[in-house]
$ cat start.txt   # compact mmCIF, C-alpha atoms
# COMPACT_ATOMS: atom_id res chain seq x y z
CA MET A 1 0.00 0.00 0.00
CA LYS A 2 2.86 2.40 0.86
CA LYS A 3 4.44 1.83 -2.57
CA ILE A 4 1.15 2.61 -4.32
CA ILE A 5 0.73 5.84 -2.34
CA SER A 6 4.38 6.74 -3.00
CA PHE A 7 3.91 6.12 -6.72
CA PHE A 8 1.00 8.56 -6.86
CA CYS A 9 3.00 11.04 -4.77
CA LEU A 10 5.83 11.00 -7.32
CA VAL A 11 3.43 11.24 -10.27
CA THR A 12 1.70 14.22 -8.66
CA CYS A 13 5.06 15.81 -7.83
CA THR A 14 6.26 15.44 -11.42
CA LEU A 15 2.94 16.70 -12.76
CA ILE A 16 3.26 19.83 -10.60
CA TRP A 17 6.83 20.47 -11.76
CA GLY A 18 5.88 19.93 -15.40
CA THR A 19 2.85 22.23 -15.30
CA THR A 20 4.83 24.84 -13.38
CA PHE A 21 6.62 25.64 -16.66
CA VAL A 22 3.29 27.02 -17.93
CA ALA A 23 2.91 29.14 -14.78
CA GLN A 24 6.49 30.38 -15.27
CA ASP A 25 5.71 31.30 -18.87
CA THR A 26 2.39 33.07 -18.30
CA GLY A 27 3.69 34.58 -15.05
CA MET A 28 5.83 37.01 -17.05
CA ASP A 29 2.96 38.66 -18.92
CA ASN A 30 3.20 41.72 -16.66
CA ILE A 31 6.49 41.33 -14.76
CA GLY A 32 10.09 40.41 -15.55
CA PRO A 33 11.81 37.08 -14.91
CA PHE A 34 13.70 38.32 -11.84
CA THR A 35 10.55 39.72 -10.21
CA PHE A 36 8.73 36.45 -10.85
CA ASN A 37 11.54 34.35 -9.39
CA SER A 38 11.97 36.56 -6.35
CA SER A 39 8.23 36.40 -5.59
CA ARG A 40 8.00 32.69 -6.31
CA PHE A 41 10.92 31.63 -4.11
CA PHE A 42 9.89 33.95 -1.29
CA VAL A 43 6.47 32.25 -1.27
CA ALA A 44 8.21 28.85 -1.29
CA PHE A 45 10.37 30.01 1.64
CA LEU A 46 7.26 30.88 3.66
CA VAL A 47 5.61 27.56 2.78
CA ILE A 48 8.59 25.51 4.06
CA ILE A 49 8.85 27.34 7.43
CA PRO A 50 6.15 25.25 9.22
CA PHE A 51 7.81 21.99 8.10
CA VAL A 52 11.14 23.14 9.55
CA ILE A 53 9.53 24.16 12.85
CA PHE A 54 7.57 20.93 13.29
CA PHE A 55 10.06 18.38 11.96
CA GLU A 56 13.62 19.72 12.16
CA LYS A 57 13.87 22.47 14.77
CA GLU A 58 15.74 20.36 17.33
CA LYS A 59 17.85 18.56 14.71
CA ILE A 60 19.19 21.88 13.37
CA ILE A 61 20.64 22.81 16.78
CA LYS A 62 21.98 19.30 17.31
CA TYR A 63 23.65 18.66 13.91
CA VAL A 64 24.38 22.03 12.26
CA LYS A 65 25.79 24.02 15.15
CA PRO A 66 28.85 21.75 15.74
CA LYS A 67 29.64 21.60 12.00
CA LYS A 68 28.70 25.06 10.77
CA LYS A 69 31.74 25.43 8.47
CA ILE A 70 31.08 22.17 6.62
CA PHE A 71 27.36 22.94 6.36
CA PHE A 72 27.79 26.39 4.84
CA LYS A 73 30.70 25.24 2.64
CA LEU A 74 28.21 22.93 0.90
CA MET A 75 25.17 25.19 1.29
CA ILE A 76 26.76 28.03 -0.69
CA PRO A 77 27.16 26.06 -3.96
CA VAL A 78 23.66 24.57 -3.43
CA GLY A 79 22.09 28.02 -3.21
CA ALA A 80 24.26 29.51 -5.97
CA SER A 81 23.54 26.70 -8.45
CA LEU A 82 19.79 26.83 -7.76
CA PHE A 83 19.87 30.60 -8.22
CA MET A 84 21.67 30.37 -11.57
CA GLY A 85 19.63 27.42 -12.83
CA SER A 86 16.29 29.01 -11.97
CA GLN A 87 17.24 32.41 -13.43
CA LEU A 88 18.47 30.95 -16.72
CA GLN A 89 15.41 28.71 -17.01
CA GLN A 90 13.08 31.65 -16.38
CA ILE A 91 14.89 33.91 -18.87
CA SER A 92 14.83 31.15 -21.52
CA LEU A 93 11.02 31.16 -21.50
CA ILE A 94 11.09 34.69 -22.93
CA TYR A 95 12.66 33.33 -26.12
CA THR A 96 11.63 29.69 -26.48
CA ASP A 97 8.59 27.47 -25.96
CA VAL A 98 7.67 25.67 -22.74
CA ALA A 99 8.36 22.25 -24.31
CA ASN A 100 11.86 23.26 -25.41
CA SER A 101 12.72 24.69 -22.01
CA ALA A 102 11.35 21.65 -20.16
CA PHE A 103 13.12 19.05 -22.29
CA TYR A 104 16.43 20.90 -22.42
CA THR A 105 16.27 21.26 -18.63
CA ILE A 106 16.28 17.46 -18.17
CA PHE A 107 19.71 17.42 -19.81
CA TYR A 108 20.87 17.65 -16.18
CA VAL A 109 20.31 13.89 -15.85
CA PRO A 110 23.19 12.74 -18.11
CA LEU A 111 25.22 15.82 -17.07
CA VAL A 112 25.31 14.77 -13.41
CA PRO A 113 27.70 11.79 -13.81
CA ILE A 114 29.86 13.76 -16.26
CA LEU A 115 30.31 16.65 -13.82
CA ILE A 116 30.92 14.24 -10.93
CA TYR A 117 33.73 12.70 -12.98
CA PHE A 118 35.41 16.06 -13.64
CA LEU A 119 34.81 17.50 -10.16
CA PHE A 120 35.46 14.46 -7.98
CA SER A 121 37.19 11.96 -10.34
CA GLU A 122 34.36 9.46 -9.98
CA LYS A 123 34.08 7.40 -13.16
CA ALA A 124 30.92 7.74 -15.22
CA HIS A 125 29.10 4.64 -16.48
CA TRP A 126 29.67 4.05 -20.22
CA SER A 127 25.92 4.55 -20.87
CA VAL A 128 26.34 8.30 -20.25
CA TRP A 129 28.08 8.91 -23.58
CA PRO A 130 25.43 7.39 -25.93
CA SER A 131 22.83 9.11 -23.75
CA VAL A 132 24.49 12.48 -24.33
CA LEU A 133 24.61 11.73 -28.07
CA ALA A 134 20.87 10.95 -28.05
CA CYS A 135 20.18 14.17 -26.16
CA VAL A 136 22.28 16.27 -28.55
CA LEU A 137 20.55 14.69 -31.56
CA GLY A 138 17.20 15.27 -29.86
CA GLY A 139 18.16 18.88 -29.29
CA TYR A 140 18.83 19.27 -33.00
CA PHE A 141 15.31 18.06 -33.85
CA LEU A 142 13.68 20.03 -31.04
CA SER A 143 15.22 23.43 -31.76
CA ASP A 144 14.27 25.66 -34.67
CA PHE A 145 17.69 26.79 -35.89
CA SER A 146 16.15 29.18 -38.40
CA ASN A 147 14.79 31.28 -35.51
CA ALA A 148 17.49 33.27 -33.68
CA ASP A 149 15.30 33.87 -30.62
CA ILE A 150 14.59 30.16 -30.16
CA ARG A 151 18.28 29.34 -30.62
CA LEU A 152 19.11 31.88 -27.91
CA GLY A 153 16.41 30.54 -25.56
CA ASP A 154 17.49 26.93 -26.03
CA GLY A 155 21.13 27.89 -25.45
CA ILE A 156 20.22 29.69 -22.21
CA VAL A 157 18.26 26.73 -20.83
CA LEU A 158 21.07 24.33 -21.81
CA LEU A 159 23.50 26.43 -19.79
CA GLY A 160 20.96 26.36 -16.98
CA ALA A 161 20.92 22.54 -17.11
CA VAL A 162 24.60 22.60 -16.05
CA PHE A 163 23.65 24.49 -12.89
CA TRP A 164 20.70 22.15 -12.23
CA ALA A 165 23.17 19.26 -12.43
CA LEU A 166 25.54 21.02 -10.01
CA HIS A 167 22.60 21.64 -7.68
CA ILE A 168 21.74 17.94 -7.63
CA ILE A 169 25.38 16.98 -7.00
CA TYR A 170 25.95 19.37 -4.11
CA ILE A 171 22.56 18.92 -2.51
CA GLY A 172 23.19 15.15 -2.53
CA LYS A 173 26.45 15.67 -0.65
CA LEU A 174 24.82 18.11 1.76
CA VAL A 175 21.85 15.84 2.56
CA SER A 176 24.16 12.85 3.03
CA LYS A 177 26.01 14.75 5.77
CA PHE A 178 23.03 16.66 7.19
CA ASN A 179 19.66 14.92 7.06
CA LEU A 180 17.74 18.21 7.12
CA PRO A 181 15.89 18.40 3.78
CA PHE A 182 13.33 20.99 4.89
CA PHE A 183 15.92 23.30 6.45
CA ILE A 184 18.09 23.04 3.34
CA ALA A 185 15.06 23.80 1.15
CA LEU A 186 14.23 26.78 3.37
CA LEU A 187 17.72 28.27 3.03
CA GLN A 188 18.03 27.69 -0.71
CA ASN A 189 14.62 29.29 -1.32
CA LEU A 190 15.67 32.29 0.75
CA ILE A 191 18.99 32.61 -1.14
CA VAL A 192 17.28 32.59 -4.53
CA ALA A 193 14.57 35.02 -3.38
CA VAL A 194 17.08 37.53 -1.97
CA PHE A 195 19.52 37.47 -4.89
CA SER A 196 16.64 37.62 -7.39
CA LEU A 197 15.43 40.72 -5.55
CA LEU A 198 18.86 42.29 -6.04
CA LEU A 199 18.54 41.67 -9.80
CA VAL A 200 15.07 43.24 -9.69
CA LEU A 201 16.52 46.38 -8.10
CA ILE A 202 19.24 46.55 -10.78
CA PHE A 203 17.40 45.55 -13.96
CA GLU A 204 13.66 45.79 -13.26
CA GLU A 205 11.28 47.71 -11.02
CA ILE A 206 9.15 46.73 -8.04
CA ASP A 207 5.56 47.35 -9.06
CA PHE A 208 3.12 45.63 -6.69
CA SER A 209 0.16 46.42 -8.94
CA LYS A 210 1.76 44.31 -11.69
CA ILE A 211 2.92 41.59 -9.30
CA ILE A 212 -0.68 41.18 -8.07
CA LEU A 213 -1.75 40.48 -11.67
CA GLU A 214 0.47 37.37 -11.57
CA THR A 215 -0.76 36.18 -8.16
CA TYR A 216 -2.07 32.80 -9.34
CA GLU A 217 1.10 31.94 -11.26
CA ILE A 218 3.36 33.00 -8.37
CA LEU A 219 1.32 31.04 -5.82
CA TYR A 220 1.23 27.98 -8.07
CA ALA A 221 4.99 28.03 -8.62
CA GLY A 222 5.71 28.89 -4.99
CA ILE A 223 3.24 26.85 -2.95
CA LEU A 224 2.83 23.81 -5.19
CA SER A 225 6.22 23.55 -6.90
CA GLY A 226 8.44 24.87 -4.11
CA GLY A 227 6.37 23.51 -1.24
CA ALA A 228 3.96 20.63 -1.90
CA ALA A 229 5.96 18.97 -4.68
CA PHE A 230 9.07 18.92 -2.50
CA VAL A 231 7.17 17.15 0.32
CA LEU A 232 5.66 14.67 -2.16
CA GLN A 233 9.10 13.91 -3.60
CA LEU A 234 10.50 13.19 -0.13
CA PHE A 235 7.74 10.74 0.73
CA GLY A 236 7.68 9.13 -2.73
CA GLN A 237 11.38 8.34 -2.86
CA ARG A 238 11.31 6.72 0.56
CA HIS A 239 9.31 3.77 -0.79
CA ILE A 240 10.09 3.72 -4.54
CA PRO A 241 13.36 2.18 -5.85
CA ALA A 242 15.72 4.32 -7.92
CA ALA A 243 14.82 2.88 -11.36
CA PRO A 244 11.05 3.57 -11.38
CA ALA A 245 11.62 6.87 -9.55
CA ALA A 246 13.99 7.98 -12.34
CA ILE A 247 11.39 7.09 -14.97
CA ILE A 248 8.66 9.07 -13.20
CA MET A 249 10.82 12.14 -12.49
CA SER A 250 12.07 12.40 -16.08
CA MET A 251 8.43 12.62 -17.24
CA GLU A 252 8.51 16.25 -16.13
CA GLY A 253 9.27 17.32 -19.69
CA VAL A 254 6.36 15.27 -21.04
CA PHE A 255 3.89 16.84 -18.59
CA ALA A 256 5.23 20.30 -19.48
CA THR A 257 4.75 19.65 -23.20
CA ILE A 258 1.20 18.35 -22.76
CA SER A 259 0.19 21.23 -20.48
CA ALA A 260 1.69 23.78 -22.90
CA TRP A 261 -0.30 22.20 -25.73
CA ILE A 262 -3.59 22.23 -23.76
CA ILE A 263 -3.25 25.59 -22.00
CA LEU A 264 -1.05 27.66 -24.33
CA ASN A 265 -1.84 25.97 -27.66
CA GLN A 266 1.88 25.41 -28.26
CA ILE A 267 1.66 22.58 -30.79
CA LEU A 268 4.83 20.64 -31.65
CA GLY A 269 5.69 19.50 -35.16
CA LEU A 270 6.95 16.02 -36.08
CA ASP A 271 10.62 17.06 -35.79
CA ASN A 272 9.97 18.52 -32.33
CA LEU A 273 8.24 15.32 -31.18
CA ILE A 274 11.17 13.22 -32.45
CA GLY A 275 13.53 15.51 -30.53
CA CYS A 276 11.49 15.13 -27.31
CA PHE A 277 11.47 11.34 -27.76
CA LEU A 278 15.25 11.16 -28.28
CA ILE A 279 16.00 13.34 -25.25
CA LEU A 280 13.67 11.28 -23.06
CA CYS A 281 15.29 8.05 -24.29
CA GLY A 282 18.75 9.44 -23.58
CA VAL A 283 17.75 10.49 -20.07
CA LEU A 284 16.18 7.12 -19.21
CA PHE A 285 19.06 5.16 -20.78
CA SER A 286 21.63 7.01 -18.66
CA GLN A 287 19.67 6.29 -15.47
CA LEU A 288 18.40 2.75 -15.93
CA LEU A 289 21.29 0.89 -17.59
CA PRO A 290 23.75 1.33 -14.68
CA ILE A 291 21.10 -0.03 -12.31
CA PHE A 292 20.46 -3.10 -14.47
CA ASP A 293 24.23 -3.66 -14.85
CA ASN A 294 24.69 -3.64 -11.08
CA LYS A 295 21.81 -6.08 -10.63
CA SER A 296 23.23 -8.48 -13.22
CA LYS A 297 26.67 -8.42 -11.51
CA ASN A 298 25.07 -9.30 -8.19
CA ILE A 299 23.23 -12.33 -9.58

$ encode --input "start.txt" --output "structure tokens"
Amino acid sequence: MKKIISFFCLVTCTLIWGTTFVAQDTGMDNIGPFTFNSSRFFVAFLVIIPFVIFFEKEKIIKYVKPKKKIFFKLMIPVGASLFMGSQLQQISLIYTDVANSAFYTIFYVPLVPILIYFLFSEKAHWSVWPSVLACVLGGYFLSDFSNADIRLGDGIVLLGAVFWALHIIYIGKLVSKFNLPFFIALLQNLIVAVFSLLLVLIFEEIDFSKIILETYEILYAGILSGGAAFVLQLFGQRHIPAAPAAIIMSMEGVFATISAWIILNQILGLDNLIGCFLILCGVLFSQLLPIFDNKSKNI
């Protein structure tokens, strides 16, 4: 029964993250990308506070205080990579479609083992390289190279995927040393909200009358994506093995494409669909083959 509930938790989590791309896109009708991100992550910060108080208040004092230097040494790259990844993803939606941004974002999956190899000299499984090839080929079919704006948008979100991969790497190391997922989420949301606000002060303007016009999109991205989805992910991955969890989580791009088609009427051509299929295959191949190889060695 727990596995069934966890399965639906992960599906719901991935559905929220996929549809959030639409909220991110429509949420910039009246405000800029930095204003949207600052508002969104500040809402997410407020949403996580009760979870920290009820579940981790005592653990923070017990585990973080004696090892503050180690904690913040890892927390800084976590916050910085989330800040860069979220900003680049948000900016990319000005130039490219939701489907393109969503599918290029999941490039972080094959990028993770590659970056781990270069940063920490941990060997990547051979399946990473054909996966990257499939993703690059998929990117060729997905992007409209005749349109300079789309090329720019796709390039921005690809750069953002590097930071999403770094975020996953460093948050994994941080959580392994400090089992405080809600507190870590609280801090990273605050970091992104504050630094996004600085960008607002430099490049945009604070206009509450315009921010109010995007209330639904900000609340959706903040409460559901930054709050509820995070809680659902935590519970789901407690009872679901890595292989099926990887399959479900990588469906984020599929949900984003479907929601963009239904809500925004962003229809993909045959080439775009082939590109989405190749990227999804590359992502799944890079995640599942190492697991099956390990199982076969243990038999």

$ closest_residue --input "start.txt" --among "A:Ala193, A:Ala229, A:Val157, A:Leu219" --to "Val11 in chain A" --atoms "all atoms listed in the file"
A:Ala229

$ closest_atom_pairs --input "start.txt" --of "range 170-280 of chain A" --to "range 93-107 of chain A" --cutoff "7 Å" --atoms "all atoms listed in the file" --output "tab-separated table"
residue	atom	partner	partner_atom	distance
A:Ser250	CA	A:Ile106	CA	6.9
A:Gly253	CA	A:Ala102	CA	4.8
A:Ala256	CA	A:Ala99	CA	6.1
A:Thr257	CA	A:Ala99	CA	4.6
A:Ala260	CA	A:Val98	CA	6.3
A:Cys276	CA	A:Phe103	CA	6.6

$ atom_distance --input "start.txt" --atom1 "CA of Lys210 in chain A" --atom2 "CA of Phe45 in chain A"
21.4 Å

$ residues_around --input "start.txt" --residues "range 72-75 of chain A" --least-positions-apart "3" --cutoff "8 Å" --atoms "only C-alpha atoms" --output "ChimeraX atom specification"
/A:68-69,78-79,170-171,173-174,184,188

$ write_last_selection --input "start.txt" --atoms "C-alpha atoms" --output "PDB file, keeping the file's coordinate frame"
ATOM      1  CA  LYS A  68      28.700  25.060  10.770  1.00  0.00           C
ATOM      2  CA  LYS A  69      31.740  25.430   8.470  1.00  0.00           C
ATOM      3  CA  VAL A  78      23.660  24.570  -3.430  1.00  0.00           C
ATOM      4  CA  GLY A  79      22.090  28.020  -3.210  1.00  0.00           C
ATOM      5  CA  TYR A 170      25.950  19.370  -4.110  1.00  0.00           C
ATOM      6  CA  ILE A 171      22.560  18.920  -2.510  1.00  0.00           C
ATOM      7  CA  LYS A 173      26.450  15.670  -0.650  1.00  0.00           C
ATOM      8  CA  LEU A 174      24.820  18.110   1.760  1.00  0.00           C
ATOM      9  CA  ILE A 184      18.090  23.040   3.340  1.00  0.00           C
ATOM     10  CA  GLN A 188      18.030  27.690  -0.710  1.00  0.00           C
TER      11      GLN A 188
END

$ atom_distance --input "start.txt" --atom1 "CA of Ala161 in chain A" --atom2 "CA of Ile223 in chain A"
23.1 Å
